[in-house]
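What follows is target_29.cif (mmCIF, C-alpha atoms).
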```
data_query
#
loop_
_atom_site.label_atom_id
_atom_site.label_comp_id
_atom_site.auth_asym_id
_atom_site.auth_seq_id
_atom_site.Cartn_x
_atom_site.Cartn_y
_atom_site.Cartn_z
CA MET A 1 -2.05 -13.03 -1.16
CA PHE A 2 -1.03 -9.41 -1.58
CA THR A 3 2.32 -9.64 0.22
CA GLN A 4 3.62 -12.76 -1.48
CA LEU A 5 2.66 -12.10 -5.06
CA PRO A 6 3.51 -9.30 -7.50
CA VAL A 7 0.45 -7.17 -8.26
CA TYR A 8 0.31 -5.21 -11.53
CA GLN A 9 -1.96 -2.63 -9.88
CA GLU A 10 0.79 -1.86 -7.37
CA LYS A 11 4.01 -2.45 -9.28
CA GLY A 12 3.20 -2.01 -12.95
CA LYS A 13 5.34 -3.57 -15.64
CA VAL A 14 7.51 -5.70 -13.33
CA ALA A 15 4.39 -7.71 -12.35
CA PHE A 16 3.46 -8.37 -15.98
CA ASN A 17 4.43 -11.91 -16.94
CA GLY A 18 3.76 -11.84 -20.69
CA LYS A 19 3.42 -15.59 -21.20
CA LEU A 20 0.88 -18.34 -20.58
CA ASP A 21 3.14 -21.05 -19.10
CA ASN A 22 2.20 -20.38 -15.47
CA ILE A 23 -1.54 -20.15 -15.97
CA LEU A 24 -1.56 -23.32 -18.11
CA LYS A 25 0.35 -25.15 -15.39
CA PHE A 26 -1.98 -23.78 -12.71
CA SER A 27 -5.05 -24.71 -14.77
CA ALA A 28 -3.78 -28.30 -15.12
CA HIS A 29 -3.20 -28.38 -11.34
CA LEU A 30 -6.83 -27.24 -10.87
CA LYS A 31 -8.04 -29.89 -13.36
CA ASN A 32 -8.76 -27.40 -16.16
CA PRO A 33 -11.79 -25.59 -14.70
CA GLU A 34 -12.09 -23.29 -17.76
CA THR A 35 -13.37 -26.28 -19.76
CA LYS A 36 -16.34 -26.72 -17.39
CA PHE A 37 -18.32 -23.59 -18.31
CA LYS A 38 -19.21 -21.56 -21.40
CA SER A 39 -17.77 -18.09 -21.74
CA ILE A 40 -17.58 -14.78 -23.59
CA HIS A 41 -14.13 -13.17 -23.82
CA VAL A 42 -13.86 -9.35 -23.80
CA ALA A 43 -10.74 -7.33 -24.71
CA GLY A 44 -10.08 -3.70 -25.64
CA THR A 45 -8.42 -0.51 -24.43
CA ASN A 46 -11.59 1.31 -23.38
CA GLY A 47 -15.08 -0.02 -22.78
CA LYS A 48 -14.24 -3.62 -21.99
CA GLY A 49 -15.27 -3.30 -18.34
CA SER A 50 -18.59 -1.60 -19.08
CA SER A 51 -19.30 -4.05 -21.91
CA SER A 52 -18.55 -7.04 -19.66
CA HIS A 53 -20.93 -5.77 -16.99
CA MET A 54 -23.63 -5.06 -19.60
CA LEU A 55 -23.38 -8.60 -20.97
CA ALA A 56 -23.56 -10.08 -17.48
CA SER A 57 -26.58 -7.95 -16.55
CA ILE A 58 -28.52 -8.85 -19.73
CA LEU A 59 -27.83 -12.58 -19.35
CA GLN A 60 -28.91 -12.39 -15.70
CA GLU A 61 -32.17 -10.81 -16.84
CA ALA A 62 -32.60 -13.79 -19.19
CA ASP A 63 -32.45 -16.02 -16.06
CA TYR A 64 -28.99 -17.46 -16.56
CA LYS A 65 -26.44 -18.05 -13.81
CA VAL A 66 -23.67 -15.69 -14.88
CA GLY A 67 -20.05 -15.56 -13.76
CA LEU A 68 -18.22 -12.25 -14.19
CA TYR A 69 -14.45 -11.83 -13.99
CA THR A 70 -13.12 -8.26 -14.26
CA SER A 71 -10.10 -6.22 -13.17
CA PRO A 72 -8.81 -4.17 -11.51
CA HIS A 73 -10.87 -3.90 -8.34
CA LEU A 74 -11.56 -0.57 -6.64
CA LYS A 75 -12.17 -1.35 -2.98
CA ASP A 76 -12.16 -5.11 -2.43
CA PHE A 77 -10.22 -7.78 -4.31
CA ARG A 78 -13.37 -9.93 -4.39
CA GLU A 79 -15.05 -7.46 -6.79
CA ARG A 80 -13.13 -9.25 -9.54
CA ILE A 81 -15.05 -12.52 -9.15
CA ARG A 82 -18.86 -12.46 -9.10
CA ILE A 83 -21.79 -14.72 -9.84
CA ASN A 84 -25.05 -12.91 -10.58
CA GLY A 85 -23.56 -9.76 -9.09
CA LYS A 86 -22.54 -11.34 -5.78
CA THR A 87 -18.81 -11.34 -5.00
CA ILE A 88 -16.97 -14.53 -4.13
CA GLY A 89 -17.19 -15.22 -0.39
CA LYS A 90 -14.26 -14.67 1.97
CA LYS A 91 -14.42 -18.32 3.03
CA GLN A 92 -14.11 -19.48 -0.59
CA VAL A 93 -11.02 -17.27 -1.06
CA VAL A 94 -9.39 -18.57 2.13
CA ARG A 95 -10.17 -22.19 1.26
CA PHE A 96 -8.77 -21.77 -2.27
CA ILE A 97 -5.51 -20.25 -0.99
CA LYS A 98 -5.08 -22.93 1.69
CA ARG A 99 -5.75 -25.72 -0.79
CA ASN A 100 -3.31 -24.38 -3.39
CA ARG A 101 -0.76 -22.52 -1.26
CA THR A 102 2.12 -24.90 -1.86
CA PHE A 103 1.63 -24.76 -5.62
CA LEU A 104 1.33 -20.96 -5.61
CA GLU A 105 4.50 -20.47 -3.57
CA GLU A 106 6.58 -23.03 -5.47
CA ASN A 107 5.60 -21.68 -8.89
CA LYS A 108 5.76 -17.97 -7.98
CA LEU A 109 2.53 -17.11 -9.77
CA SER A 110 1.63 -13.45 -10.29
CA PHE A 111 -1.34 -12.03 -8.43
CA PHE A 112 -3.31 -11.89 -11.71
CA GLU A 113 -2.53 -15.50 -12.63
CA MET A 114 -3.71 -16.56 -9.21
CA THR A 115 -6.99 -14.61 -9.43
CA VAL A 116 -7.73 -15.98 -12.90
CA GLY A 117 -7.25 -19.54 -11.63
CA MET A 118 -9.42 -18.77 -8.61
CA ALA A 119 -12.20 -17.32 -10.79
CA PHE A 120 -12.20 -20.24 -13.23
CA ASP A 121 -12.16 -22.76 -10.37
CA TYR A 122 -15.07 -20.93 -8.68
CA PHE A 123 -17.17 -20.67 -11.86
CA GLY A 124 -16.58 -24.35 -12.63
CA LYS A 125 -17.50 -25.54 -9.14
CA LYS A 126 -20.59 -23.32 -9.02
CA GLU A 127 -21.67 -24.56 -12.48
CA VAL A 128 -22.41 -21.17 -14.03
CA ASP A 129 -24.34 -21.23 -17.31
CA ILE A 130 -21.89 -18.77 -18.80
CA ALA A 131 -19.05 -16.52 -17.60
CA ILE A 132 -18.07 -13.11 -18.96
CA ILE A 133 -14.27 -12.95 -18.83
CA GLU A 134 -12.60 -9.56 -19.17
CA VAL A 135 -8.98 -9.52 -20.36
CA GLY A 136 -6.58 -7.98 -17.87
CA LEU A 137 -3.98 -6.54 -20.24
CA GLY A 138 -3.62 -6.98 -24.00
CA GLY A 139 -5.09 -10.32 -25.03
CA ARG A 140 -2.66 -12.66 -26.77
CA LEU A 141 -0.54 -13.33 -23.67
CA ASP A 142 -3.14 -12.48 -21.04
CA SER A 143 -3.79 -15.20 -18.46
CA THR A 144 -7.49 -15.26 -19.37
CA ASN A 145 -6.61 -16.36 -22.91
CA ILE A 146 -6.75 -20.07 -22.12
CA ILE A 147 -10.55 -20.16 -22.48
CA SER A 148 -12.44 -21.34 -25.56
CA PRO A 149 -15.32 -18.84 -25.66
CA GLU A 150 -18.64 -18.96 -27.50
CA VAL A 151 -18.02 -15.43 -28.82
CA SER A 152 -15.19 -12.91 -28.42
CA LEU A 153 -15.54 -9.12 -28.22
CA ILE A 154 -12.95 -6.39 -28.80
CA THR A 155 -13.97 -2.85 -27.87
CA ASN A 156 -12.23 0.45 -28.70
CA ILE A 157 -8.45 0.31 -29.30
CA GLY A 158 -6.28 3.16 -28.02
CA MET A 159 -2.75 4.03 -26.99
CA ASP A 160 -2.27 2.59 -23.50
CA HIS A 161 0.30 0.31 -21.82
CA LEU A 162 2.70 1.09 -24.68
CA ASP A 163 5.68 -0.35 -22.80
CA MET A 164 4.05 -3.77 -22.79
CA LEU A 165 1.75 -3.92 -25.82
CA GLY A 166 3.65 -1.89 -28.41
CA ASP A 167 3.91 1.76 -29.39
CA THR A 168 1.51 1.85 -32.37
CA LEU A 169 -2.20 1.14 -32.77
CA HIS A 170 -1.32 -1.75 -35.13
CA LYS A 171 0.88 -3.43 -32.52
CA ILE A 172 -1.74 -2.95 -29.80
CA ALA A 173 -4.54 -4.23 -32.08
CA PHE A 174 -2.42 -7.31 -32.86
CA GLU A 175 -2.11 -8.08 -29.14
CA LYS A 176 -5.86 -7.61 -28.57
CA ALA A 177 -6.62 -9.75 -31.64
CA GLY A 178 -4.78 -12.58 -29.90
CA ILE A 179 -8.11 -13.53 -28.29
CA ILE A 180 -9.55 -14.49 -31.70
CA LYS A 181 -9.97 -18.28 -31.71
CA GLU A 182 -10.46 -20.83 -34.47
CA ASN A 183 -14.07 -20.85 -35.70
CA VAL A 184 -15.25 -18.55 -32.87
CA PRO A 185 -17.14 -15.38 -33.94
CA ILE A 186 -15.34 -12.13 -33.15
CA VAL A 187 -17.24 -8.88 -32.65
CA ILE A 188 -15.42 -5.54 -32.94
CA SER A 189 -17.45 -2.80 -31.24
CA GLU A 190 -16.12 0.08 -33.28
CA PHE A 191 -14.77 0.17 -36.84
CA GLN A 192 -11.42 1.99 -36.68
CA GLU A 193 -10.15 2.30 -40.23
CA GLU A 194 -6.44 2.33 -39.42
CA ILE A 195 -6.55 -1.08 -37.67
CA ALA A 196 -9.55 -2.84 -39.27
CA GLU A 197 -7.27 -4.83 -41.60
CA THR A 198 -5.38 -6.27 -38.61
CA PHE A 199 -8.60 -7.77 -37.29
CA LEU A 200 -9.82 -8.87 -40.73
CA SER A 201 -6.62 -10.74 -41.59
CA ILE A 202 -6.35 -12.51 -38.22
CA ALA A 203 -10.04 -13.47 -38.27
CA LYS A 204 -9.59 -14.88 -41.78
CA SER A 205 -6.56 -16.92 -40.71
CA LYS A 206 -8.62 -18.39 -37.83
CA ASN A 207 -11.70 -19.00 -39.99
CA SER A 208 -13.63 -16.75 -37.60
CA LYS A 209 -16.72 -14.79 -38.56
CA ILE A 210 -15.99 -11.10 -37.92
CA ILE A 211 -18.65 -8.49 -37.17
CA PHE A 212 -18.05 -4.73 -36.88
CA ALA A 213 -20.93 -3.89 -34.55
CA ASP A 214 -21.35 -0.22 -35.45
CA GLN A 215 -21.91 -1.24 -39.08
CA VAL A 216 -24.68 -3.77 -38.37
CA ILE A 217 -26.48 -2.59 -35.20
CA ASP A 218 -28.71 0.42 -35.75
CA LYS A 219 -31.09 0.14 -32.79
CA ASN A 220 -30.30 2.45 -29.90
CA TYR A 221 -30.94 0.96 -26.48
CA LYS A 222 -30.86 3.05 -23.31
CA THR A 223 -28.63 2.33 -20.35
CA THR A 224 -28.36 3.83 -16.89
CA LEU A 225 -24.57 3.86 -17.31
CA GLN A 226 -23.81 7.51 -17.89
CA GLY A 227 -21.72 8.82 -20.76
CA SER A 228 -22.51 9.21 -24.45
CA TYR A 229 -19.60 6.84 -25.20
CA GLN A 230 -21.67 3.92 -23.86
CA SER A 231 -23.64 3.83 -27.14
CA LYS A 232 -20.58 2.27 -28.85
CA ASN A 233 -20.27 -0.32 -26.11
CA ILE A 234 -23.97 -1.21 -26.38
CA LYS A 235 -23.67 -1.95 -30.11
CA GLY A 236 -20.83 -4.36 -29.42
CA VAL A 237 -22.80 -6.06 -26.66
CA VAL A 238 -25.94 -6.47 -28.80
CA ALA A 239 -23.86 -7.89 -31.67
CA VAL A 240 -22.27 -10.42 -29.29
CA LEU A 241 -25.68 -11.58 -28.07
CA ARG A 242 -26.80 -12.10 -31.69
CA GLU A 243 -23.85 -14.47 -32.19
CA LEU A 244 -24.39 -16.35 -28.93
CA LYS A 245 -25.85 -19.74 -29.81
CA ASN A 246 -28.13 -21.85 -27.58
CA PHE A 247 -28.97 -18.95 -25.25
CA LYS A 248 -32.41 -17.34 -25.37
CA VAL A 249 -31.99 -13.60 -25.00
CA LYS A 250 -34.95 -11.42 -25.99
CA LYS A 251 -35.19 -7.67 -26.57
CA LYS A 252 -36.92 -7.25 -23.20
CA HIS A 253 -33.89 -8.86 -21.50
CA ILE A 254 -31.53 -6.49 -23.33
CA LYS A 255 -33.64 -3.45 -22.36
CA ARG A 256 -33.94 -4.47 -18.71
CA GLY A 257 -30.32 -5.59 -18.47
CA LEU A 258 -28.98 -2.29 -19.77
CA ILE A 259 -31.15 -0.30 -17.36
CA LYS A 260 -30.10 -2.43 -14.36
CA VAL A 261 -26.34 -2.84 -14.96
CA VAL A 262 -25.23 -1.32 -11.66
CA LYS A 263 -27.95 -3.07 -9.64
CA ASN A 264 -27.32 -6.46 -11.26
CA THR A 265 -23.51 -6.44 -11.32
CA GLY A 266 -22.25 -3.89 -8.79
CA LEU A 267 -20.28 -1.87 -11.35
CA LEU A 268 -18.35 1.04 -9.82
CA GLY A 269 -16.48 4.04 -11.16
CA ARG A 270 -18.00 4.59 -14.64
CA TRP A 271 -19.32 8.18 -14.67
CA GLN A 272 -20.56 7.47 -11.16
CA ILE A 273 -22.49 10.29 -9.52
CA LEU A 274 -21.53 10.33 -5.83
CA HIS A 275 -23.34 13.45 -4.69
CA LYS A 276 -25.75 16.20 -5.76
CA ARG A 277 -25.48 19.93 -4.93
CA PRO A 278 -22.64 20.12 -5.67
CA THR A 279 -22.60 17.36 -8.25
CA VAL A 280 -19.69 14.99 -7.62
CA VAL A 281 -18.75 12.63 -10.45
CA CYS A 282 -15.94 10.08 -10.67
CA ASP A 283 -14.68 8.03 -13.61
CA THR A 284 -11.81 5.56 -13.90
CA ALA A 285 -10.83 6.59 -17.47
CA HIS A 286 -7.04 7.00 -17.54
CA ASN A 287 -5.81 7.05 -21.15
CA LYS A 288 -6.21 9.46 -24.05
CA GLU A 289 -9.25 7.82 -25.65
CA GLY A 290 -11.09 7.15 -22.39
CA LEU A 291 -10.39 10.60 -20.98
CA SER A 292 -11.45 12.26 -24.26
CA TYR A 293 -14.91 10.69 -23.91
CA VAL A 294 -15.18 11.64 -20.24
CA ILE A 295 -14.03 15.25 -20.72
CA GLN A 296 -16.47 15.64 -23.62
CA GLN A 297 -19.17 14.42 -21.22
CA LEU A 298 -17.98 16.92 -18.60
CA GLU A 299 -18.25 19.78 -21.07
CA GLU A 300 -21.88 18.84 -21.75
CA GLN A 301 -22.85 19.31 -18.07
CA LYS A 302 -24.29 22.49 -16.57
CA PHE A 303 -22.38 24.05 -13.67
CA ASN A 304 -21.00 27.36 -12.44
CA GLN A 305 -17.43 26.21 -11.78
CA LEU A 306 -15.65 22.93 -12.51
CA HIS A 307 -13.34 21.47 -9.83
CA ILE A 308 -11.09 18.55 -10.83
CA VAL A 309 -9.40 16.26 -8.29
CA LEU A 310 -6.63 14.63 -10.31
CA GLY A 311 -4.12 11.89 -9.59
CA PHE A 312 -2.15 9.62 -11.95
CA VAL A 313 0.27 6.71 -11.82
CA LYS A 314 3.96 7.22 -12.60
CA ASP A 315 4.02 5.57 -16.02
CA LYS A 316 1.35 7.86 -17.53
CA ASP A 317 2.47 10.04 -20.47
CA LEU A 318 1.29 13.40 -19.14
CA ASP A 319 2.05 15.26 -22.37
CA ILE A 320 -0.61 13.14 -24.06
CA VAL A 321 -3.38 13.30 -21.42
CA LEU A 322 -3.02 16.74 -19.79
CA PRO A 323 -3.82 18.76 -22.96
CA LEU A 324 -7.27 17.10 -22.95
CA PHE A 325 -8.30 18.82 -19.71
CA PRO A 326 -10.12 22.20 -19.63
CA LYS A 327 -8.03 25.24 -18.68
CA THR A 328 -10.99 26.89 -16.93
CA ALA A 329 -11.25 24.28 -14.16
CA GLN A 330 -9.81 24.60 -10.66
CA TYR A 331 -7.40 21.69 -10.05
CA TYR A 332 -6.58 19.72 -6.90
CA TYR A 333 -3.48 17.61 -7.57
CA CYS A 334 -2.87 14.55 -5.43
CA ARG A 335 -1.03 11.24 -5.30
CA PRO A 336 -2.98 7.97 -5.16
CA ASN A 337 -1.88 5.94 -2.14
CA ILE A 338 0.01 3.18 -3.98
CA MET A 339 3.64 2.54 -4.86
CA ARG A 340 3.00 3.59 -8.48
CA GLY A 341 1.29 6.85 -7.50
CA LEU A 342 2.74 9.93 -9.23
CA ASN A 343 4.03 12.61 -6.85
CA GLU A 344 1.57 15.53 -6.69
CA GLN A 345 4.35 18.15 -7.06
CA ILE A 346 5.58 16.55 -10.30
CA LEU A 347 2.00 16.46 -11.61
CA SER A 348 1.36 20.08 -10.67
CA LYS A 349 4.57 21.27 -12.32
CA LYS A 350 3.74 19.40 -15.53
CA ALA A 351 0.15 20.63 -15.47
CA LYS A 352 1.32 24.26 -15.27
CA GLU A 353 3.15 23.74 -18.58
CA HIS A 354 -0.32 23.02 -20.04
CA GLU A 355 -1.90 26.03 -18.24
CA LEU A 356 -3.86 23.87 -15.79
CA LEU A 357 -3.70 25.70 -12.48
CA GLY A 358 -4.39 24.42 -8.98
CA ASP A 359 -2.99 23.40 -5.62
CA THR A 360 -1.28 20.23 -4.43
CA TYR A 361 -2.39 17.87 -1.65
CA LYS A 362 -0.61 14.98 0.01
CA SER A 363 -3.57 12.60 -0.40
CA VAL A 364 -6.66 12.06 -2.52
CA SER A 365 -8.74 12.48 0.63
CA ASP A 366 -7.22 15.92 1.37
CA ALA A 367 -7.70 17.04 -2.23
CA PHE A 368 -11.31 15.86 -2.26
CA LYS A 369 -12.06 17.61 1.07
CA ALA A 370 -10.59 20.85 -0.30
CA ALA A 371 -12.68 20.62 -3.46
CA ARG A 372 -15.85 19.96 -1.41
CA LYS A 373 -15.04 22.96 0.77
CA CYS A 374 -14.46 25.29 -2.20
CA ALA A 375 -17.39 24.18 -4.35
CA SER A 376 -20.77 25.90 -4.25
CA LYS A 377 -24.02 23.96 -4.70
CA LYS A 378 -24.17 24.70 -8.42
CA ASP A 379 -20.58 23.63 -9.10
CA LEU A 380 -19.34 20.25 -10.36
CA ILE A 381 -16.50 18.23 -8.84
CA PHE A 382 -14.85 15.57 -10.98
CA VAL A 383 -12.51 12.95 -9.51
CA GLY A 384 -10.32 10.92 -11.88
CA GLY A 385 -7.04 10.22 -13.64
CA SER A 386 -6.62 6.71 -12.27
CA ASN A 387 -8.53 3.73 -10.87
CA PHE A 388 -6.63 4.32 -7.65
CA THR A 389 -7.68 7.97 -7.34
CA VAL A 390 -11.33 6.96 -7.79
CA ALA A 391 -11.00 4.02 -5.37
CA GLU A 392 -10.24 6.45 -2.55
CA VAL A 393 -13.53 8.36 -2.90
CA VAL A 394 -16.17 5.75 -3.86
#
```

Would you mind writing the structure in this file as structure tokens?
Amino acid sequence: MFTQLPVYQEKGKVAFNGKLDNILKFSAHLKNPETKFKSIHVAGTNGKGSSSHMLASILQEADYKVGLYTSPHLKDFRERIRINGKTIGKKQVVRFIKRNRTFLEENKLSFFEMTVGMAFDYFGKKEVDIAIIEVGLGGRLDSTNIISPEVSLITNIGMDHLDMLGDTLHKIAFEKAGIIKENVPIVISEFQEEIAETFLSIAKSKNSKIIFADQVIDKNYKTTLQGSYQSKNIKGVVAVLRELKNFKVKKKHIKRGLIKVVKNTGLLGRWQILHKRPTVVCDTAHNKEGLSYVIQQLEEQKFNQLHIVLGFVKDKDLDIVLPLFPKTAQYYYCRPNIMRGLNEQILSKKAKEHELLGDTYKSVSDAFKAARKCASKKDLIFVGGSNFTVAEVV
């Protein structure tokens, strides 16, 4: 699987297909499995992963059989495809590849196209009551965008993947809004004035009811997912459930589902506390908006000294993200162990321009060991900058 097919996680833009021809052809080959289950479609720059897991957890609490498709994975490819929190079995993966190998090789599908087809085939065969489908990248041309969902959700919009989605918020919002379907309600988690009109006009053209969740949801539910930014995600999730017809979801299911997200769905890497004394926290936030939330959360913690293990991918605009980080922290610069990993010396040199001082390490593991060695029990160690940096410590 990994050797034959281009993987966006590893190669970046060159693995991005940007059209639906392949997935439509693959779906037809699989006998259109996406038509055999109900779904909720989730797009956005930040918060789409957390929101997807919240929705899955709540619907599980309401006794539904729930498929969950997310990306990227941290440790194991099978994390992407779950039913009621349990990952797809190794045997199912092997059988799927064997059964469809000729088609996959002849049509040169991307890794993402293949995993989407596998997920839809799995959910259809297992007869899930509903599947939560997270967009991989963008929306309009994302391989997941062949579904006809019950409700669609778009979370926060920010400046990320500019080389593929456009270099303004309007262009990015337009791509995300591509998941809006005819006569299907669309929930926007957060009203962002500069792009609201983009969503309003597209929803109107599709005859879709549009709901800005933060303008209609005033109840605050608690979640065990850490981070004050989760309150925005929760409002979007609750608004989606209100629009979901023919499913019985009560307040008690919402409350329990939000408290048991990690237990029910196996979510990793969202303000995840790995250790106490010293406190070790990791988070997969990797763009300006996501990192802003996480660094704000960091500044609200109590500690003597902050240690930050930091690694990025090559296509990250460091002049946008580095100024967000605190100058008082001790930094441990490293390179995630993937082709796209940014060299630690380049990162360190750039960080010095922003007065962020620290040492360089050849691996995430070495950087993390050094931070653990230097930190006292009342210090805080944060690991982040990329999914791939986090994946090496969880």

query: So how many Å separate CA of Lys232 (chain A) and CA of Ile83 (chain A), to one decimal?
result: 25.5 Å

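By chain and then residue number, the residues within 10 Å of Lys19 (chain A) are Phe16, Asn22, Ile23, Leu24, Arg140, Leu141, Asp142 and Ser143 of chain A, counting all atoms listed in the file and disregarding those fewer than 3 positions away in sequence.
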
Once you have the residues from the selection above, write them out as a PDB file, in the frame of the given file, restricted to C-alpha atoms.
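Written file, again.pdb:
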```pdb
ATOM      1  CA  PHE A  16       3.460  -8.370 -15.980  1.00  0.00           C
ATOM      2  CA  ASN A  22       2.200 -20.380 -15.470  1.00  0.00           C
ATOM      3  CA  ILE A  23      -1.540 -20.150 -15.970  1.00  0.00           C
ATOM      4  CA  LEU A  24      -1.560 -23.320 -18.110  1.00  0.00           C
ATOM      5  CA  ARG A 140      -2.660 -12.660 -26.770  1.00  0.00           C
ATOM      6  CA  LEU A 141      -0.540 -13.330 -23.670  1.00  0.00           C
ATOM      7  CA  ASP A 142      -3.140 -12.480 -21.040  1.00  0.00           C
ATOM      8  CA  SER A 143      -3.790 -15.200 -18.460  1.00  0.00           C
TER       9      SER A 143
END
```

- prompt: Do you have the CA of Ser363 (chain A)-CA of Leu322 (chain A) distance handy?
  reply: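 Interatomic distance here is 19.8 Å.
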
task: May I ask which of the residues A:Leu356, A:Phe103, A:Lys378, A:Gly47 is the closest one to Ser228 (chain A), counting all atoms listed in the file?
output: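 Counting all atoms listed in the file, the residue closest to Ser228 (chain A) is A:Gly47.
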
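What separates CA of Pro149 (chain A) from CA of Val261 (chain A) is a distance of 22.2 Å.
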
Selection under test: the PyMOL selection byres ((chain A and resi 148) around 12); residues as a compact mmCIF listing (two decimals) with C-alpha atoms, keeping the file's coordinate frame:
```txt
# COMPACT_ATOMS: atom_id res chain seq x y z
CA ASN A 32 -8.76 -27.40 -16.16
CA PRO A 33 -11.79 -25.59 -14.70
CA GLU A 34 -12.09 -23.29 -17.76
CA THR A 35 -13.37 -26.28 -19.76
CA LYS A 36 -16.34 -26.72 -17.39
CA PHE A 37 -18.32 -23.59 -18.31
CA LYS A 38 -19.21 -21.56 -21.40
CA SER A 39 -17.77 -18.09 -21.74
CA ILE A 40 -17.58 -14.78 -23.59
CA HIS A 41 -14.13 -13.17 -23.82
CA ILE A 130 -21.89 -18.77 -18.80
CA ALA A 131 -19.05 -16.52 -17.60
CA ILE A 132 -18.07 -13.11 -18.96
CA ILE A 133 -14.27 -12.95 -18.83
CA THR A 144 -7.49 -15.26 -19.37
CA ASN A 145 -6.61 -16.36 -22.91
CA ILE A 146 -6.75 -20.07 -22.12
CA ILE A 147 -10.55 -20.16 -22.48
CA PRO A 149 -15.32 -18.84 -25.66
CA GLU A 150 -18.64 -18.96 -27.50
CA VAL A 151 -18.02 -15.43 -28.82
CA SER A 152 -15.19 -12.91 -28.42
CA ILE A 179 -8.11 -13.53 -28.29
CA ILE A 180 -9.55 -14.49 -31.70
CA LYS A 181 -9.97 -18.28 -31.71
CA GLU A 182 -10.46 -20.83 -34.47
CA ASN A 183 -14.07 -20.85 -35.70
CA VAL A 184 -15.25 -18.55 -32.87
CA PRO A 185 -17.14 -15.38 -33.94
```

task: Please provide the set of residues having any atom within 8 Å of region 381-389 of chain A, restricted to all atoms listed in the file, with same-chain residues fewer than 6 positions apart removed, written as a list in words.
output: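 So the residues in contact are Pro72, Leu74, Gly269, Pro278, Thr279, Val280, Val281, Cys282, Asp283, Thr284, Ala285, His286, Leu306, His307, Ile308, Val309, Leu310, Gly311, Phe312, Val313, Arg335, Pro336, Asn337, Ile338, Val364, Phe368, Ala371, Arg372 and Ala375 of chain A.
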
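When the PyMOL selection byres ((chain A and resi 352) around 12) is evaluated against the file, it yields Leu318, Asp319, Leu322, Pro323, Phe325, Lys327, Tyr331, Tyr333, Gln345, Ile346, Leu347, Ser348, Lys349, Lys350, Ala351, Glu353, His354, Glu355, Leu356, Leu357, Gly358, Asp359 and Thr360 of chain A.
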
- prompt: Within 9 Å of (-24.7, -17.3, -12.7), in the coordinates the file gives, what residues turn up when you count only C-alpha atoms, written out as a list of chain:residue names?
  reply: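 Looking at atoms near the point gives A:Ala56, A:Leu59, A:Gln60, A:Asp63, A:Tyr64, A:Lys65, A:Val66, A:Gly67, A:Leu68, A:Arg82, A:Ile83, A:Asn84, A:Gly85, A:Phe123, A:Lys126, A:Glu127, A:Val128, A:Asp129, A:Ile130, A:Ala131.
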
Residue with smallest distance to Ser57 (chain A) - pool A:Val262, A:Ile273, A:Cys374, A:Leu200, counting all atoms listed in the file: A:Val262

- request: I would like the residues chosen by the PyMOL selection byres ((chain A and resi 193) around 12) on the shown file; could you give them as a PyMOL selection string?
  value: chain A and resi 156-157+169-170+173+188+190-192+194-200+212

Please produce a file of the residues just selected, as a PDB file, keeping the file's coordinate frame, where the atoms kept are C-alpha atoms.
```
ATOM      1  CA  ASN A 156     -12.230   0.450 -28.700  1.00  0.00           C
ATOM      2  CA  ILE A 157      -8.450   0.310 -29.300  1.00  0.00           C
ATOM      3  CA  LEU A 169      -2.200   1.140 -32.770  1.00  0.00           C
ATOM      4  CA  HIS A 170      -1.320  -1.750 -35.130  1.00  0.00           C
ATOM      5  CA  ALA A 173      -4.540  -4.230 -32.080  1.00  0.00           C
ATOM      6  CA  ILE A 188     -15.420  -5.540 -32.940  1.00  0.00           C
ATOM      7  CA  GLU A 190     -16.120   0.080 -33.280  1.00  0.00           C
ATOM      8  CA  PHE A 191     -14.770   0.170 -36.840  1.00  0.00           C
ATOM      9  CA  GLN A 192     -11.420   1.990 -36.680  1.00  0.00           C
ATOM     10  CA  GLU A 194      -6.440   2.330 -39.420  1.00  0.00           C
ATOM     11  CA  ILE A 195      -6.550  -1.080 -37.670  1.00  0.00           C
ATOM     12  CA  ALA A 196      -9.550  -2.840 -39.270  1.00  0.00           C
ATOM     13  CA  GLU A 197      -7.270  -4.830 -41.600  1.00  0.00           C
ATOM     14  CA  THR A 198      -5.380  -6.270 -38.610  1.00  0.00           C
ATOM     15  CA  PHE A 199      -8.600  -7.770 -37.290  1.00  0.00           C
ATOM     16  CA  LEU A 200      -9.820  -8.870 -40.730  1.00  0.00           C
ATOM     17  CA  PHE A 212     -18.050  -4.730 -36.880  1.00  0.00           C
TER      18      PHE A 212
END
```

task: Can you pull out every residue within 12 Å of Asn107 (chain A), counting all atoms listed in the file, but drop anything in the same chain fewer than 5 positions away, and send it as a VMD selection string?
output: chain A and resid 4 to 5 21 to 26 29 100 to 102 113 to 114

query: Near region 220-225 of chain A, within 7 Å and counting only C-alpha atoms, which residues show up once chain neighbours fewer than 3 positions away are dropped, as a list in words?
result: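 After dropping sequence-adjacent residues, the list is Lys255, Leu258, Ile259 and Lys260 of chain A.
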
Selected residue, from A:Ala28, A:Leu324, A:Met118, A:Met339, that lies nearest to Ser292 (chain A) when counting all atoms listed in the file: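 Ranked by minimum distance to Ser292 (chain A), first place goes to A:Leu324.
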